[in-house]
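Source file: final36.pdb (PDB, C-alpha atoms)
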```pdb
ATOM      1  CA  MET A  41      -7.582   8.859  14.771  1.00  0.00           C
ATOM      2  CA  ASN A  42      -8.475  11.942  12.762  1.00  0.00           C
ATOM      3  CA  HIS A  43      -7.240  13.583   9.562  1.00  0.00           C
ATOM      4  CA  GLU A  44      -4.550  15.580  11.383  1.00  0.00           C
ATOM      5  CA  THR A  45      -3.057  12.609  13.257  1.00  0.00           C
ATOM      6  CA  VAL A  46      -3.074  10.494  10.097  1.00  0.00           C
ATOM      7  CA  MET A  47      -1.297  13.240   8.122  1.00  0.00           C
ATOM      8  CA  ALA A  48       1.246  13.584  10.944  1.00  0.00           C
ATOM      9  CA  TRP A  49       1.904   9.837  10.640  1.00  0.00           C
ATOM     10  CA  VAL A  50       2.251  10.168   6.829  1.00  0.00           C
ATOM     11  CA  ALA A  51       4.752  13.032   7.278  1.00  0.00           C
ATOM     12  CA  ALA A  52       6.785  10.915   9.717  1.00  0.00           C
ATOM     13  CA  TYR A  53       6.599   7.977   7.279  1.00  0.00           C
ATOM     14  CA  GLU A  54       7.968  10.148   4.463  1.00  0.00           C
ATOM     15  CA  ARG A  55      10.807  11.488   6.646  1.00  0.00           C
ATOM     16  CA  SER A  56      11.798   8.009   7.795  1.00  0.00           C
ATOM     17  CA  TRP A  57      11.588   6.543   4.294  1.00  0.00           C
ATOM     18  CA  ARG A  58      13.570   9.417   2.779  1.00  0.00           C
ATOM     19  CA  ASP A  59      16.225   9.306   5.527  1.00  0.00           C
ATOM     20  CA  GLN A  60      16.329   5.483   5.668  1.00  0.00           C
ATOM     21  CA  ASP A  61      15.715   5.863   9.399  1.00  0.00           C
ATOM     22  CA  ASP A  62      15.670   2.364  10.886  1.00  0.00           C
ATOM     23  CA  ALA A  63      14.641   3.690  14.292  1.00  0.00           C
ATOM     24  CA  GLY A  64      11.777   5.558  12.659  1.00  0.00           C
ATOM     25  CA  VAL A  65      10.293   2.279  11.425  1.00  0.00           C
ATOM     26  CA  GLY A  66       9.759   1.242  15.051  1.00  0.00           C
ATOM     27  CA  GLU A  67       8.079   4.557  15.798  1.00  0.00           C
ATOM     28  CA  LEU A  68       5.710   4.150  12.838  1.00  0.00           C
ATOM     29  CA  PHE A  69       4.838   0.452  12.950  1.00  0.00           C
ATOM     30  CA  SER A  70       3.905  -1.898  15.773  1.00  0.00           C
ATOM     31  CA  ASP A  71       6.313  -4.735  16.547  1.00  0.00           C
ATOM     32  CA  GLU A  72       4.285  -7.348  14.647  1.00  0.00           C
ATOM     33  CA  ALA A  73       2.930  -5.042  11.939  1.00  0.00           C
ATOM     34  CA  SER A  74       1.933  -6.469   8.577  1.00  0.00           C
ATOM     35  CA  TYR A  75       2.907  -4.504   5.462  1.00  0.00           C
ATOM     36  CA  LEU A  76       1.329  -5.523   2.167  1.00  0.00           C
ATOM     37  CA  LEU A  77       3.126  -4.170  -0.896  1.00  0.00           C
ATOM     38  CA  SER A  78       0.269  -5.561  -2.981  1.00  0.00           C
ATOM     39  CA  PRO A  79      -2.992  -7.224  -2.033  1.00  0.00           C
ATOM     40  CA  TYR A  80      -1.831 -10.296  -3.985  1.00  0.00           C
ATOM     41  CA  GLU A  81       1.542 -10.745  -2.296  1.00  0.00           C
ATOM     42  CA  PRO A  82       2.297 -12.170   1.136  1.00  0.00           C
ATOM     43  CA  PRO A  83       2.789  -9.424   3.713  1.00  0.00           C
ATOM     44  CA  LEU A  84       6.041  -8.356   5.268  1.00  0.00           C
ATOM     45  CA  VAL A  85       5.550  -9.127   8.959  1.00  0.00           C
ATOM     46  CA  GLY A  86       7.390  -7.466  11.818  1.00  0.00           C
ATOM     47  CA  LEU A  87       9.771  -4.555  12.112  1.00  0.00           C
ATOM     48  CA  ALA A  88      12.811  -6.452  10.818  1.00  0.00           C
ATOM     49  CA  ALA A  89      11.053  -7.330   7.541  1.00  0.00           C
ATOM     50  CA  ILE A  90       9.843  -3.749   7.073  1.00  0.00           C
ATOM     51  CA  ARG A  91      13.330  -2.383   7.823  1.00  0.00           C
ATOM     52  CA  ASP A  92      14.863  -4.773   5.275  1.00  0.00           C
ATOM     53  CA  PHE A  93      12.399  -3.554   2.641  1.00  0.00           C
ATOM     54  CA  TRP A  94      13.246   0.082   3.386  1.00  0.00           C
ATOM     55  CA  VAL A  95      16.984  -0.632   3.096  1.00  0.00           C
ATOM     56  CA  ASP A  96      16.340  -2.083  -0.387  1.00  0.00           C
ATOM     57  CA  THR A  97      14.992   1.317  -1.496  1.00  0.00           C
ATOM     58  CA  GLU A  98      17.921   3.291  -0.075  1.00  0.00           C
ATOM     59  CA  GLY A  99      19.088   6.117  -2.290  1.00  0.00           C
ATOM     60  CA  ASP A 100      15.929   6.329  -4.383  1.00  0.00           C
ATOM     61  CA  GLU A 101      15.064   9.943  -5.226  1.00  0.00           C
ATOM     62  CA  PHE A 102      11.347  10.586  -4.814  1.00  0.00           C
ATOM     63  CA  THR A 103       8.623  13.064  -4.039  1.00  0.00           C
ATOM     64  CA  LEU A 104       5.493  12.157  -2.135  1.00  0.00           C
ATOM     65  CA  SER A 105       2.254  14.062  -1.868  1.00  0.00           C
ATOM     66  CA  ALA A 106      -0.620  12.632   0.124  1.00  0.00           C
ATOM     67  CA  GLU A 107      -4.133  13.343   1.276  1.00  0.00           C
ATOM     68  CA  VAL A 108      -6.395  11.560   3.725  1.00  0.00           C
ATOM     69  CA  VAL A 109      -9.421  10.139   1.929  1.00  0.00           C
ATOM     70  CA  ALA A 110     -11.233   8.732   4.961  1.00  0.00           C
ATOM     71  CA  VAL A 111     -10.847   7.971   8.646  1.00  0.00           C
ATOM     72  CA  ASP A 112     -13.142   5.615  10.536  1.00  0.00           C
ATOM     73  CA  GLY A 113     -11.994   4.856  14.063  1.00  0.00           C
ATOM     74  CA  ALA A 114      -8.589   3.191  13.851  1.00  0.00           C
ATOM     75  CA  VAL A 115      -8.698   2.755  10.052  1.00  0.00           C
ATOM     76  CA  ALA A 116      -7.601   5.391   7.543  1.00  0.00           C
ATOM     77  CA  VAL A 117      -7.336   5.532   3.764  1.00  0.00           C
ATOM     78  CA  VAL A 118      -4.674   7.773   2.218  1.00  0.00           C
ATOM     79  CA  ARG A 119      -4.156   8.633  -1.454  1.00  0.00           C
ATOM     80  CA  ALA A 120      -0.472   9.122  -2.269  1.00  0.00           C
ATOM     81  CA  LEU A 121       1.247  10.285  -5.444  1.00  0.00           C
ATOM     82  CA  VAL A 122       4.848   9.098  -5.619  1.00  0.00           C
ATOM     83  CA  ARG A 123       7.318  10.266  -8.240  1.00  0.00           C
ATOM     84  CA  TYR A 124      10.759   8.714  -8.570  1.00  0.00           C
ATOM     85  CA  GLY A 125      13.578  10.556 -10.321  1.00  0.00           C
ATOM     86  CA  GLY A 126      17.017   9.362 -11.250  1.00  0.00           C
ATOM     87  CA  ASP A 127      17.883   7.262 -14.284  1.00  0.00           C
ATOM     88  CA  SER A 128      14.473   5.555 -14.488  1.00  0.00           C
ATOM     89  CA  PRO A 129      11.816   8.127 -13.637  1.00  0.00           C
ATOM     90  CA  GLN A 130       8.418   6.742 -12.790  1.00  0.00           C
ATOM     91  CA  GLU A 131       5.229   7.781 -11.078  1.00  0.00           C
ATOM     92  CA  TYR A 132       2.351   6.014  -9.431  1.00  0.00           C
ATOM     93  CA  THR A 133      -0.752   6.764  -7.446  1.00  0.00           C
ATOM     94  CA  ASP A 134      -1.225   4.666  -4.374  1.00  0.00           C
ATOM     95  CA  LEU A 135      -4.046   4.045  -1.940  1.00  0.00           C
ATOM     96  CA  TRP A 136      -2.934   3.080   1.541  1.00  0.00           C
ATOM     97  CA  VAL A 137      -5.244   1.324   3.958  1.00  0.00           C
ATOM     98  CA  LEU A 138      -3.850   1.878   7.450  1.00  0.00           C
ATOM     99  CA  ARG A 139      -5.044   0.269  10.670  1.00  0.00           C
ATOM    100  CA  PHE A 140      -3.648   1.952  13.758  1.00  0.00           C
ATOM    101  CA  ALA A 141      -2.942   0.271  17.088  1.00  0.00           C
ATOM    102  CA  SER A 142      -3.975   1.979  20.316  1.00  0.00           C
ATOM    103  CA  ASP A 143      -0.446   3.445  20.684  1.00  0.00           C
ATOM    104  CA  GLY A 144      -0.742   5.343  17.371  1.00  0.00           C
ATOM    105  CA  ARG A 145       1.562   3.064  15.411  1.00  0.00           C
ATOM    106  CA  VAL A 146       0.287   1.215  12.352  1.00  0.00           C
ATOM    107  CA  GLU A 147      -0.385  -2.488  12.820  1.00  0.00           C
ATOM    108  CA  HIS A 148      -1.571  -3.128   9.251  1.00  0.00           C
ATOM    109  CA  PHE A 149      -0.409  -1.284   6.104  1.00  0.00           C
ATOM    110  CA  GLU A 150      -1.848  -2.228   2.725  1.00  0.00           C
ATOM    111  CA  GLU A 151      -0.875  -0.657  -0.613  1.00  0.00           C
ATOM    112  CA  TRP A 152      -2.932  -0.468  -3.798  1.00  0.00           C
ATOM    113  CA  ALA A 153      -0.597   1.066  -6.381  1.00  0.00           C
ATOM    114  CA  TYR A 154      -1.544   2.117  -9.915  1.00  0.00           C
ATOM    115  CA  TRP A 155       0.969   3.079 -12.620  1.00  0.00           C
ATOM    116  CA  PRO A 156       0.221   5.254 -15.670  1.00  0.00           C
ATOM    117  CA  GLY A 157      -0.208   3.272 -18.855  1.00  0.00           C
ATOM    118  CA  LYS A 158      -0.936  -0.006 -17.073  1.00  0.00           C
ATOM    119  CA  SER A 159      -4.212  -1.807 -17.633  1.00  0.00           C
ATOM    120  CA  TYR A 160      -6.722  -1.468 -14.831  1.00  0.00           C
ATOM    121  CA  THR A 161      -9.207  -4.016 -16.131  1.00  0.00           C
ATOM    122  CA  ALA A 162      -9.039  -7.732 -16.754  1.00  0.00           C
ATOM    123  CA  GLU A 163      -8.150  -8.780 -20.269  1.00  0.00           C
ATOM    124  CA  THR A 164     -11.206  -9.613 -22.361  1.00  0.00           C
ATOM    125  CA  ALA A 165      -9.799 -12.987 -23.440  1.00  0.00           C
ATOM    126  CA  ASP A 166      -9.356 -14.070 -19.825  1.00  0.00           C
ATOM    127  CA  VAL A 167     -12.828 -12.931 -18.802  1.00  0.00           C
ATOM    128  CA  GLY A 168     -14.433 -14.740 -21.731  1.00  0.00           C
ATOM    129  CA  ALA A 169     -12.495 -17.927 -21.046  1.00  0.00           C
ATOM    130  CA  ASP A 170     -13.539 -17.888 -17.401  1.00  0.00           C
ATOM    131  CA  ALA A 171     -17.162 -17.209 -18.318  1.00  0.00           C
ATOM    132  CA  ASP A 172     -17.188 -20.045 -20.882  1.00  0.00           C
ATOM    133  CA  ALA A 173     -15.682 -22.468 -18.403  1.00  0.00           C
ATOM    134  CA  THR A 174     -18.356 -21.775 -15.798  1.00  0.00           C
ATOM    135  CA  SER A 175     -21.385 -20.847 -17.920  1.00  0.00           C
ATOM    136  CA  ASP A 176     -23.105 -24.219 -17.728  1.00  0.00           C
ATOM    137  CA  THR A 177     -22.504 -24.789 -14.021  1.00  0.00           C
ATOM    138  CA  GLY A 178     -24.483 -21.848 -12.676  1.00  0.00           C
ATOM    139  CA  PRO A 179     -27.759 -21.988 -10.775  1.00  0.00           C
ATOM    140  CA  ASP A 180     -29.837 -21.743 -13.981  1.00  0.00           C
ATOM    141  CA  SER A 181     -28.138 -24.622 -15.793  1.00  0.00           C
ATOM    142  CA  ASN A 182     -30.080 -27.745 -16.719  1.00  0.00           C
ATOM    143  CA  ASP A 183     -27.442 -30.136 -15.358  1.00  0.00           C
TER     144      ASP A 183
END
```
Target encoding structure tokens, full file:
Amino acid sequence: MNHETVMAWVAAYERSWRDQDDAGVGELFSDEASYLLSPYEPPLVGLAAIRDFWVDTEGDEFTLSAEVVAVDGAVAVVRALVRYGGDSPQEYTDLWVLRFASDGRVEHFEEWAYWPGKSYTAETADVGADADATSDTGPDSND
């Protein structure tokens, strides 16, 4: 993979997503592809699950701009800016980690989305509580 082939895949992804092209999903993703909407959620696995997800977003107005951040062999990282219009406009920046199969389709898609105005750090109260709970069990404790 290189920057040009990754951007060609991203362009095809956008076309298929925008057009709700079920056949396009099979051209983009391998048969048993995993698609993580968040690193903390279970993945969608297989073309049928990915197609069902795409159908759920049918009719959404959006713009997508993307750039390749890195390519290393079969793995690529893409930064995407997505803006939704309509009655509830929203925007987010997304990092995609893509692992390509030998046929050029993606076998693993992982999203890391960030929304404006959302916290990007752990809450201080939670960090302090965790630290207090474990502070006397570390390697330097006298227990």
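With all atoms listed in the file as the atoms that count, the residue of A:Ala73, A:Leu121, A:Ala114, A:Ala48 with the shortest distance to Trp152 of chain A is A:Leu121.
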Please enumerate the residues selected by the PyMOL selection byres ((chain A and resi 56-62) around 10) when evaluated against the supplied file, formatted as a ChimeraX atom specification. /A:50-55,63-68,87-88,90-92,94-104
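When all atoms listed in the file are used to compute distances to Leu138 of chain A, the closest of the residues A:Phe93, A:Val117, A:Leu77, A:Trp155 turns out to be A:Val117.
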Going by the chain IDs and residue numbers used in this file, which residues fall under the PyMOL selection byres ((chain A and resi 75) around 8)? Write them as a ChimeraX atom specification. /A:73-74,76-77,83-85,90,148-150
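For the pair atom CA of Val109 of chain A and atom CA of Ala153 of chain A, the separation is 15.1 Å.
The gap separating atom CA of Arg145 of chain A from atom CA of Val111 of chain A is 15.0 Å, in Å to one decimal.
One finds atom CA of Phe140 of chain A at 18.8 Å from atom CA of Ser78 of chain A.
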I need the output of the PyMOL selection byres ((chain A and resi 131) around 8) for this file as number ranges by chain; which residues are they? A: 121-124, 129-130, 132-133, 155-156
Please tell me which residues are no farther than 10 Å from (-8.9, 5.3, 12.9) in the file, counting all atoms listed in the file, and write them as a PyMOL selection string. chain A and resi 41-43+45-46+110-117+138-142+144
Output for the residues just chosen: C-alpha atoms as a PDB file, keeping the file's coordinate frame:
```
ATOM      1  CA  MET A  41      -7.582   8.859  14.771  1.00  0.00           C
ATOM      2  CA  ASN A  42      -8.475  11.942  12.762  1.00  0.00           C
ATOM      3  CA  HIS A  43      -7.240  13.583   9.562  1.00  0.00           C
ATOM      4  CA  THR A  45      -3.057  12.609  13.257  1.00  0.00           C
ATOM      5  CA  VAL A  46      -3.074  10.494  10.097  1.00  0.00           C
ATOM      6  CA  ALA A 110     -11.233   8.732   4.961  1.00  0.00           C
ATOM      7  CA  VAL A 111     -10.847   7.971   8.646  1.00  0.00           C
ATOM      8  CA  ASP A 112     -13.142   5.615  10.536  1.00  0.00           C
ATOM      9  CA  GLY A 113     -11.994   4.856  14.063  1.00  0.00           C
ATOM     10  CA  ALA A 114      -8.589   3.191  13.851  1.00  0.00           C
ATOM     11  CA  VAL A 115      -8.698   2.755  10.052  1.00  0.00           C
ATOM     12  CA  ALA A 116      -7.601   5.391   7.543  1.00  0.00           C
ATOM     13  CA  VAL A 117      -7.336   5.532   3.764  1.00  0.00           C
ATOM     14  CA  LEU A 138      -3.850   1.878   7.450  1.00  0.00           C
ATOM     15  CA  ARG A 139      -5.044   0.269  10.670  1.00  0.00           C
ATOM     16  CA  PHE A 140      -3.648   1.952  13.758  1.00  0.00           C
ATOM     17  CA  ALA A 141      -2.942   0.271  17.088  1.00  0.00           C
ATOM     18  CA  SER A 142      -3.975   1.979  20.316  1.00  0.00           C
ATOM     19  CA  GLY A 144      -0.742   5.343  17.371  1.00  0.00           C
TER      20      GLY A 144
END
```
Using 5 Å of padding on each side, determine the axis-aligned box around all atoms of segment 117-136 of chain A present in the file and give its centre and edge lengths in Å to one decimal, as AutoDock Vina command-line options.
```
--center_x 5.3 --center_y 6.8 --center_z -5.4 --size_x 35.2 --size_y 17.5 --size_z 28.3
```
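Nearest to Pro79 of chain A of all the residues A:Met47, A:Ala106, A:Leu135, A:Val146 is A:Leu135, counting all atoms listed in the file.
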